[in-house]
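Since the structure comes first, as structure tokens, the remarks are kept for the end.
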Amino acid sequence: MKSSLSIIIANKDHAAPLIRQLASIKGQSVKPDEIIVIDDGSEHDNSKQVIQDFYEQNKNDFNIKIELNDINKGVVPTINRGCDISESDYFYFASADDYLLPDFIKSHK
């Protein structure tokens with residue numbers, strides 16, 4: 001039986017480290033089945049543009065879902081929203097200001 005994995009990222013005003021995090025997810029030796037990025041009401045940087053650019057550049061290679069909260073709802077409601085829209089069996093909650101080493105995802109198949 002094949003299992004599936006979603007990486008869910010909640011972001012608020014972390015555009016610069018988010019770029020690094022998204023690159024680290026792209027560089028995984030085992031690709032996630034879904035990448036869900038939810039912006040939690042960013043107002044002080046270009047996070048929304050970073051997210052949109054990532055989607056446009058990678059939509060043919062990854063199943064990417066983008067959500068934008070109109071206002072800041074906090075990390076727990078934002079992550080819960082990601083779980084609600086995910087179609088995967090398993091989740092990994094990736095912080096926007098962190099990154100994954102290349103073999104972080106070993107296997108989920």
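Chains: A, B, ... in order of the structure tokens. Residues: from 1 per chain. Ligands: from 1, in order shown.
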**Q.** strand (DSSP E) residues, from DSSP on the backbone, in chain A, as a PyMOL selection string
**A.** chain A and resi 5-11+34-40+64-69+90-95
Q: Assign secondary structure with DSSP using the backbone only, and return the residues of chain A in alpha helix (DSSP H) as an NGL selection string.
A: :A and (15-26 or 47-58 or 75-85)
Residue selection dump (C-alpha atoms) as a PDB file, in the first residue's frame:
ATOM      1  CA  ALA A  15      10.201  35.766   2.879  1.00  0.00           C
ATOM      2  CA  ALA A  16      13.993  35.428   2.978  1.00  0.00           C
ATOM      3  CA  PRO A  17      14.200  32.179   4.982  1.00  0.00           C
ATOM      4  CA  LEU A  18      11.127  30.830   3.166  1.00  0.00           C
ATOM      5  CA  ILE A  19      13.093  30.913  -0.092  1.00  0.00           C
ATOM      6  CA  ARG A  20      15.737  28.676   1.505  1.00  0.00           C
ATOM      7  CA  GLN A  21      13.128  26.332   2.980  1.00  0.00           C
ATOM      8  CA  LEU A  22      11.323  25.915  -0.339  1.00  0.00           C
ATOM      9  CA  ALA A  23      14.628  25.229  -2.100  1.00  0.00           C
ATOM     10  CA  SER A  24      15.473  22.573   0.490  1.00  0.00           C
ATOM     11  CA  ILE A  25      12.129  20.870  -0.119  1.00  0.00           C
ATOM     12  CA  LYS A  26      12.733  20.897  -3.878  1.00  0.00           C
ATOM     13  CA  SER A  47       6.239  36.676   1.278  1.00  0.00           C
ATOM     14  CA  LYS A  48       3.160  36.453  -0.911  1.00  0.00           C
ATOM     15  CA  GLN A  49       5.254  37.147  -4.015  1.00  0.00           C
ATOM     16  CA  VAL A  50       7.860  34.557  -2.963  1.00  0.00           C
ATOM     17  CA  ILE A  51       5.092  31.981  -2.566  1.00  0.00           C
ATOM     18  CA  GLN A  52       3.510  32.870  -5.902  1.00  0.00           C
ATOM     19  CA  ASP A  53       6.889  32.753  -7.674  1.00  0.00           C
ATOM     20  CA  PHE A  54       7.614  29.326  -6.177  1.00  0.00           C
ATOM     21  CA  TYR A  55       4.246  28.080  -7.381  1.00  0.00           C
ATOM     22  CA  GLU A  56       4.715  29.429 -10.911  1.00  0.00           C
ATOM     23  CA  GLN A  57       8.242  28.009 -11.221  1.00  0.00           C
ATOM     24  CA  ASN A  58       7.423  24.563  -9.813  1.00  0.00           C
ATOM     25  CA  VAL A  75       0.342  29.105  13.522  1.00  0.00           C
ATOM     26  CA  VAL A  76      -1.992  26.422  14.936  1.00  0.00           C
ATOM     27  CA  PRO A  77      -5.120  27.467  12.969  1.00  0.00           C
ATOM     28  CA  THR A  78      -2.951  27.927   9.889  1.00  0.00           C
ATOM     29  CA  ILE A  79      -1.395  24.459  10.166  1.00  0.00           C
ATOM     30  CA  ASN A  80      -4.858  23.005  10.822  1.00  0.00           C
ATOM     31  CA  ARG A  81      -6.035  24.633   7.593  1.00  0.00           C
ATOM     32  CA  GLY A  82      -3.183  22.870   5.805  1.00  0.00           C
ATOM     33  CA  CYS A  83      -4.248  19.538   7.275  1.00  0.00           C
ATOM     34  CA  ASP A  84      -7.825  20.165   6.165  1.00  0.00           C
ATOM     35  CA  ILE A  85      -6.855  20.722   2.526  1.00  0.00           C
TER      36      ILE A  85
END
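Take the candidates A:Asn63, A:Gly74, A:Pro102, A:Tyr92 and check each one against A:Leu5 using only C-alpha atoms; the shortest distance goes to A:Tyr92.
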Q: Could you tell me how far atom CA of A:Ile8 lies from atom CA of A:Asp33, in Å and to one decimal?
A: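 Taking atom CA of A:Ile8 and atom CA of A:Asp33, their separation equals 11.2 Å.
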